[in-house]
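A.B. asks: Please read through the structure below; I'll follow up with questions.
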Amino acid sequence: MAETASICVIIAAKNAADTIETAVRSALREPEVTEVVVVDDGSGDGTAGAARRADDTSGRLNVVRFDQNKGPSAARNHAIDISSAPLIAILDADDFFFEGRFRQMLVEDDWEFVADNIAFVDADTASQAPQRLQQFAASPLFLDLPTFVDGNISKRGVRRGEIGFLKPIMRRAFLDKHGLRYREEMRLGEDYDLYIRALALGARYKVIHSCGYGAVVRGNSLSGRHRTEDLRRLYEADRVLLASSRLPPEAAEAVRRHERHVRGKYELRRFLDIKSQSGPLAAIAYIATHPTAFPPIATGILMDKTERLRNPGGVSVTAQGDGLRYLLSAPAK
């Protein structure tokens, strides 16, 4: 697919001066990358300047800055609008690509979205990770909407759904044909929402087990500090899809499961917010006036109290002999 092997890498960044250079360099290292667009989303730490220091003078790097923070969805949408490459890849500002990532992903041309395996790397050992990367056979598979949605629902012993971590390449033509962009009011689950809308429109979402994405695990990750309001917007996005699309019964039921799951998390966070701000009696009064909220609140409190014992790492991954943790398990080459 030489005619379409032209990728724009989009990096939405806020206060990422310590990590953005590594991210940008890893993107510029890939020969299939013709554009790297960094959107400094209202940072106060010199993120834009740090990104420019990674420039390799090839003319592929474009760094833009928002004076005020608008959120990752707005930053990514802006980057999509000002770029032109036919393929789009998202890179978080504190992550990186392993060398040769895109070569493995672009072998076949039978997808609108294609993702690969992820290696979770501790922040203090990230610089050694490329030398210790395990090699996997591709073992491709395709995700349908129910499988993808269910992969984003936390299960017993697994705090977060695994599939939601995947970072696919996306075809710009498919996004443009259907008017698909990130919902800018969402600051949590914006990727999930975009992908389920694409799957509802018939997108082929392919996954290969070959690993090319390095996700750096940090104790202060912003993804773990979402607001209660963010949870409400996430389950409301499910409701919008259910109301606006004629989904097959199995797909609709999967989206309803996810809506209930996220709404339960919202109810727990809402309860804890009220307790923190107004005291235990006010929190109890909330349950009394919202009796359907009691089961998810009780379950959520129990799960939180036992979380450290059930899943101390916070992410369900598969460890290999090289010491890294991988999202997907597959036979070695």
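Residues are named by chain letter and number: chains run A, B, ... in the order of the structure tokens, numbers start at 1 in each chain, and ligands are numbered from 1 in the order shown.
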Excluding Ile88 of chain A and residues on its chain fewer than 6 positions from it, collect all residues at most 8 Å away from it, counting only C-alpha atoms, and give them as a PyMOL selection string.

C.D. replies: chain A and resi 7-10+80+169-172

A.B. asks: List every residue of segment 5-118 of chain A that DSSP, applied to the backbone of this structure, assigns to helix (DSSP H, G or I), and report them as a PDB file with N, CA, C and O atoms, in the first residue's frame.

C.D. replies:
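Below is the file that was written, result16.pdb:
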```pdb
ATOM      1  N   ILE A  20       7.837  15.073  26.006  1.00  0.00           N
ATOM      2  CA  ILE A  20       7.402  15.295  24.621  1.00  0.00           C
ATOM      3  C   ILE A  20       8.536  15.087  23.618  1.00  0.00           C
ATOM      4  O   ILE A  20       8.304  14.637  22.491  1.00  0.00           O
ATOM      5  N   GLU A  21       9.770  15.372  23.994  1.00  0.00           N
ATOM      6  CA  GLU A  21      10.875  15.189  23.048  1.00  0.00           C
ATOM      7  C   GLU A  21      11.020  13.727  22.647  1.00  0.00           C
ATOM      8  O   GLU A  21      11.213  13.409  21.465  1.00  0.00           O
ATOM      9  N   THR A  22      10.924  12.821  23.610  1.00  0.00           N
ATOM     10  CA  THR A  22      11.021  11.393  23.301  1.00  0.00           C
ATOM     11  C   THR A  22       9.887  10.973  22.379  1.00  0.00           C
ATOM     12  O   THR A  22      10.095  10.219  21.417  1.00  0.00           O
ATOM     13  N   ALA A  23       8.682  11.450  22.653  1.00  0.00           N
ATOM     14  CA  ALA A  23       7.534  11.101  21.816  1.00  0.00           C
ATOM     15  C   ALA A  23       7.736  11.586  20.388  1.00  0.00           C
ATOM     16  O   ALA A  23       7.550  10.831  19.419  1.00  0.00           O
ATOM     17  N   VAL A  24       8.125  12.836  20.218  1.00  0.00           N
ATOM     18  CA  VAL A  24       8.293  13.401  18.876  1.00  0.00           C
ATOM     19  C   VAL A  24       9.407  12.690  18.120  1.00  0.00           C
ATOM     20  O   VAL A  24       9.258  12.348  16.937  1.00  0.00           O
ATOM     21  N   ARG A  25      10.532  12.443  18.778  1.00  0.00           N
ATOM     22  CA  ARG A  25      11.642  11.768  18.103  1.00  0.00           C
ATOM     23  C   ARG A  25      11.247  10.369  17.634  1.00  0.00           C
ATOM     24  O   ARG A  25      11.642   9.922  16.545  1.00  0.00           O
ATOM     25  N   SER A  26      10.472   9.660  18.461  1.00  0.00           N
ATOM     26  CA  SER A  26      10.071   8.306  18.070  1.00  0.00           C
ATOM     27  C   SER A  26       9.155   8.338  16.853  1.00  0.00           C
ATOM     28  O   SER A  26       9.181   7.417  16.032  1.00  0.00           O
ATOM     29  N   ALA A  27       8.350   9.397  16.726  1.00  0.00           N
ATOM     30  CA  ALA A  27       7.476   9.519  15.559  1.00  0.00           C
ATOM     31  C   ALA A  27       8.264   9.898  14.309  1.00  0.00           C
ATOM     32  O   ALA A  27       8.073   9.311  13.231  1.00  0.00           O
ATOM     33  N   LEU A  28       9.165  10.869  14.429  1.00  0.00           N
ATOM     34  CA  LEU A  28       9.955  11.306  13.277  1.00  0.00           C
ATOM     35  C   LEU A  28      10.905  10.217  12.784  1.00  0.00           C
ATOM     36  O   LEU A  28      11.328  10.233  11.620  1.00  0.00           O
ATOM     37  N   THR A  47       6.055  23.187  27.025  1.00  0.00           N
ATOM     38  CA  THR A  47       5.875  21.983  26.213  1.00  0.00           C
ATOM     39  C   THR A  47       6.163  22.240  24.741  1.00  0.00           C
ATOM     40  O   THR A  47       6.836  21.432  24.079  1.00  0.00           O
ATOM     41  N   ALA A  48       5.669  23.343  24.190  1.00  0.00           N
ATOM     42  CA  ALA A  48       5.860  23.625  22.766  1.00  0.00           C
ATOM     43  C   ALA A  48       7.349  23.742  22.426  1.00  0.00           C
ATOM     44  O   ALA A  48       7.814  23.194  21.419  1.00  0.00           O
ATOM     45  N   GLY A  49       8.103  24.453  23.258  1.00  0.00           N
ATOM     46  CA  GLY A  49       9.531  24.588  23.006  1.00  0.00           C
ATOM     47  C   GLY A  49      10.253  23.261  23.089  1.00  0.00           C
ATOM     48  O   GLY A  49      11.156  22.979  22.294  1.00  0.00           O
ATOM     49  N   ALA A  50       9.878  22.423  24.051  1.00  0.00           N
ATOM     50  CA  ALA A  50      10.494  21.106  24.169  1.00  0.00           C
ATOM     51  C   ALA A  50      10.205  20.265  22.938  1.00  0.00           C
ATOM     52  O   ALA A  50      11.079  19.530  22.466  1.00  0.00           O
ATOM     53  N   ALA A  51       8.991  20.350  22.404  1.00  0.00           N
ATOM     54  CA  ALA A  51       8.656  19.604  21.192  1.00  0.00           C
ATOM     55  C   ALA A  51       9.509  20.064  20.021  1.00  0.00           C
ATOM     56  O   ALA A  51       9.997  19.242  19.230  1.00  0.00           O
ATOM     57  N   ARG A  52       9.710  21.368  19.904  1.00  0.00           N
ATOM     58  CA  ARG A  52      10.512  21.893  18.786  1.00  0.00           C
ATOM     59  C   ARG A  52      11.964  21.452  18.890  1.00  0.00           C
ATOM     60  O   ARG A  52      12.662  21.330  17.866  1.00  0.00           O
ATOM     61  N   ARG A  53      12.457  21.202  20.087  1.00  0.00           N
ATOM     62  CA  ARG A  53      13.847  20.743  20.238  1.00  0.00           C
ATOM     63  C   ARG A  53      14.052  19.359  19.634  1.00  0.00           C
ATOM     64  O   ARG A  53      15.196  18.962  19.370  1.00  0.00           O
ATOM     65  N   PRO A  72      -8.203  17.165  25.144  1.00  0.00           N
ATOM     66  CA  PRO A  72      -7.573  16.358  24.085  1.00  0.00           C
ATOM     67  C   PRO A  72      -8.418  16.226  22.831  1.00  0.00           C
ATOM     68  O   PRO A  72      -7.868  16.138  21.730  1.00  0.00           O
ATOM     69  N   SER A  73      -9.725  16.203  22.958  1.00  0.00           N
ATOM     70  CA  SER A  73     -10.567  16.060  21.767  1.00  0.00           C
ATOM     71  C   SER A  73     -10.422  17.262  20.851  1.00  0.00           C
ATOM     72  O   SER A  73     -10.249  17.118  19.630  1.00  0.00           O
ATOM     73  N   ALA A  74     -10.496  18.454  21.413  1.00  0.00           N
ATOM     74  CA  ALA A  74     -10.347  19.663  20.610  1.00  0.00           C
ATOM     75  C   ALA A  74      -8.952  19.738  19.995  1.00  0.00           C
ATOM     76  O   ALA A  74      -8.793  20.133  18.822  1.00  0.00           O
ATOM     77  N   ALA A  75      -7.935  19.361  20.760  1.00  0.00           N
ATOM     78  CA  ALA A  75      -6.572  19.390  20.236  1.00  0.00           C
ATOM     79  C   ALA A  75      -6.406  18.420  19.070  1.00  0.00           C
ATOM     80  O   ALA A  75      -5.816  18.761  18.038  1.00  0.00           O
ATOM     81  N   ARG A  76      -6.943  17.223  19.212  1.00  0.00           N
ATOM     82  CA  ARG A  76      -6.812  16.241  18.133  1.00  0.00           C
ATOM     83  C   ARG A  76      -7.617  16.653  16.903  1.00  0.00           C
ATOM     84  O   ARG A  76      -7.150  16.491  15.766  1.00  0.00           O
ATOM     85  N   ASN A  77      -8.808  17.179  17.112  1.00  0.00           N
ATOM     86  CA  ASN A  77      -9.601  17.630  15.972  1.00  0.00           C
ATOM     87  C   ASN A  77      -8.894  18.737  15.208  1.00  0.00           C
ATOM     88  O   ASN A  77      -8.911  18.771  13.967  1.00  0.00           O
ATOM     89  N   HIS A  78      -8.280  19.657  15.933  1.00  0.00           N
ATOM     90  CA  HIS A  78      -7.544  20.740  15.270  1.00  0.00           C
ATOM     91  C   HIS A  78      -6.384  20.166  14.459  1.00  0.00           C
ATOM     92  O   HIS A  78      -6.148  20.604  13.316  1.00  0.00           O
ATOM     93  N   ALA A  79      -5.685  19.211  15.033  1.00  0.00           N
ATOM     94  CA  ALA A  79      -4.567  18.599  14.312  1.00  0.00           C
ATOM     95  C   ALA A  79      -5.046  17.879  13.055  1.00  0.00           C
ATOM     96  O   ALA A  79      -4.391  17.935  12.010  1.00  0.00           O
ATOM     97  N   ILE A  80      -6.181  17.196  13.146  1.00  0.00           N
ATOM     98  CA  ILE A  80      -6.745  16.538  11.961  1.00  0.00           C
ATOM     99  C   ILE A  80      -7.051  17.571  10.891  1.00  0.00           C
ATOM    100  O   ILE A  80      -6.745  17.382   9.695  1.00  0.00           O
ATOM    101  N   ASP A  81      -7.626  18.696  11.289  1.00  0.00           N
ATOM    102  CA  ASP A  81      -8.046  19.711  10.325  1.00  0.00           C
ATOM    103  C   ASP A  81      -6.886  20.397   9.631  1.00  0.00           C
ATOM    104  O   ASP A  81      -7.013  20.813   8.466  1.00  0.00           O
ATOM    105  N   ILE A  82      -5.742  20.549  10.304  1.00  0.00           N
ATOM    106  CA  ILE A  82      -4.628  21.276   9.694  1.00  0.00           C
ATOM    107  C   ILE A  82      -3.609  20.347   9.045  1.00  0.00           C
ATOM    108  O   ILE A  82      -2.598  20.816   8.514  1.00  0.00           O
ATOM    109  N   ARG A 101       7.427   0.353  13.969  1.00  0.00           N
ATOM    110  CA  ARG A 101       6.028   0.079  14.298  1.00  0.00           C
ATOM    111  C   ARG A 101       5.129   0.037  13.064  1.00  0.00           C
ATOM    112  O   ARG A 101       4.374  -0.908  12.854  1.00  0.00           O
ATOM    113  N   PHE A 102       5.186   1.070  12.248  1.00  0.00           N
ATOM    114  CA  PHE A 102       4.207   1.200  11.163  1.00  0.00           C
ATOM    115  C   PHE A 102       4.459   0.206  10.026  1.00  0.00           C
ATOM    116  O   PHE A 102       3.522  -0.186   9.332  1.00  0.00           O
ATOM    117  N   ARG A 103       5.701  -0.185   9.838  1.00  0.00           N
ATOM    118  CA  ARG A 103       5.989  -1.176   8.789  1.00  0.00           C
ATOM    119  C   ARG A 103       5.184  -2.442   9.003  1.00  0.00           C
ATOM    120  O   ARG A 103       4.633  -3.014   8.054  1.00  0.00           O
ATOM    121  N   GLN A 104       5.065  -2.873  10.247  1.00  0.00           N
ATOM    122  CA  GLN A 104       4.317  -4.098  10.547  1.00  0.00           C
ATOM    123  C   GLN A 104       2.811  -3.897  10.400  1.00  0.00           C
ATOM    124  O   GLN A 104       2.088  -4.798   9.983  1.00  0.00           O
ATOM    125  N   MET A 105       2.336  -2.712  10.715  1.00  0.00           N
ATOM    126  CA  MET A 105       0.903  -2.454  10.681  1.00  0.00           C
ATOM    127  C   MET A 105       0.363  -2.271   9.266  1.00  0.00           C
ATOM    128  O   MET A 105      -0.827  -2.476   9.018  1.00  0.00           O
TER     129      MET A 105
END
```

A.B. asks: Applying 12 Å and only C-alpha atoms, which residues near Leu141 of chain A remain after dropping the ones on its own chain fewer than 4 positions away? List them as a PyMOL selection string.

C.D. replies: chain A and resi 110-111+113-117+147-148+204-210+328+330

A.B. asks: For the residues selected in the previous step, produce a file with C-alpha atoms as a PDB file, in the first residue's frame.

C.D. replies:
```pdb
ATOM      1  CA  ASP A 110      -7.939  -4.577   4.606  1.00  0.00           C
ATOM      2  CA  TRP A 111      -8.971  -2.138   7.344  1.00  0.00           C
ATOM      3  CA  PHE A 113      -8.608   1.121  11.681  1.00  0.00           C
ATOM      4  CA  VAL A 114      -5.602  -1.029  12.531  1.00  0.00           C
ATOM      5  CA  ALA A 115      -4.022  -1.364  15.981  1.00  0.00           C
ATOM      6  CA  ASP A 116      -1.084  -3.302  17.370  1.00  0.00           C
ATOM      7  CA  ASN A 117       0.077  -4.625  20.712  1.00  0.00           C
ATOM      8  CA  THR A 147     -16.403  -7.282  21.175  1.00  0.00           C
ATOM      9  CA  PHE A 148     -14.885  -3.815  21.271  1.00  0.00           C
ATOM     10  CA  ARG A 204     -13.197  -2.703   9.799  1.00  0.00           C
ATOM     11  CA  TYR A 205     -11.106  -2.593  12.972  1.00  0.00           C
ATOM     12  CA  LYS A 206      -8.095  -4.873  12.683  1.00  0.00           C
ATOM     13  CA  VAL A 207      -5.726  -5.816  15.514  1.00  0.00           C
ATOM     14  CA  ILE A 208      -2.301  -7.394  15.124  1.00  0.00           C
ATOM     15  CA  HIS A 209      -0.257  -8.744  18.023  1.00  0.00           C
ATOM     16  CA  SER A 210       3.067  -7.370  16.793  1.00  0.00           C
ATOM     17  CA  LEU A 328      -2.125  -8.781  24.213  1.00  0.00           C
ATOM     18  CA  ALA A 330       0.437 -14.055  21.395  1.00  0.00           C
TER      19      ALA A 330
END
```

A.B. asks: Do you have the atom CA of Glu32 of chain A-atom CA of Ala5 of chain A distance handy?

C.D. replies: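 Interatomic distance, atom CA of Glu32 of chain A to atom CA of Ala5 of chain A: 5.8 Å.
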
A.B. asks: Find the residues near Val39 of chain A: any atom within 7 Å, counting only C-alpha atoms, skip ones fewer than 6 places away on the same chain, and give them as a ChimeraX atom specification.

C.D. replies: /A:11-13,63-65,75,79

A.B. asks: Report, in Å to a single decimal, how far apart atom CA of Glu99 of chain A and atom CA of Glu30 of chain A are.

C.D. replies: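 Between these atoms lies a distance of 6.8 Å.
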
A.B. asks: So that I can check the surroundings of Leu145 of chain A, please list as an mmCIF file with C-alpha atoms, in the first residue's frame every protein, DNA and RNA residue that reaches within 7 Å of it, counting only C-alpha atoms and ignoring chain neighbours fewer than 4 positions away.

C.D. replies:
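What ended up in part-v5.cif:
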```
data_model
loop_
_atom_site.group_PDB
_atom_site.id
_atom_site.type_symbol
_atom_site.label_atom_id
_atom_site.label_comp_id
_atom_site.auth_asym_id
_atom_site.auth_seq_id
_atom_site.Cartn_x
_atom_site.Cartn_y
_atom_site.Cartn_z
ATOM 1 C CA VAL A 149 -17.492 -2.449 23.671
ATOM 2 C CA ILE A 196 -17.786 2.764 18.494
ATOM 3 C CA LEU A 199 -17.776 0.525 14.072
ATOM 4 C CA ALA A 200 -21.495 1.327 13.971
ATOM 5 C CA ALA A 251 -24.402 -4.494 19.451
#
```

A.B. asks: For segment 289-294 of chain A, please output as a ChimeraX atom specification all residues within 9 Å (counting only C-alpha atoms; exclusion window: fewer than 4 positions along the same chain).

C.D. replies: /A:263-264,267-268,271,284-285,298-299

A.B. asks: When distances are computed from only C-alpha atoms, which of A:Ser83, A:Gly71, A:Ile297, A:Lys275 shows the smallest separation from His226 of chain A?

C.D. replies: A:Gly71

A.B. asks: Between A:Arg257, A:Arg29, A:Lys177, A:Arg269, which is the closest to Asp55 of chain A once you count only C-alpha atoms?

C.D. replies: A:Arg29

A.B. asks: For atom CA of Leu133 of chain A and atom CA of Arg60 of chain A, determine how far apart the two atoms are, in Å to one decimal place.

C.D. replies: 27.2 Å

A.B. asks: Among segment 22-271 of chain A, which ones does DSSP place in strand (DSSP E), written as a ChimeraX atom specification?

C.D. replies: /A:33-41,61-66,87-90,96-97,113-122,141-143,169-171,205-217
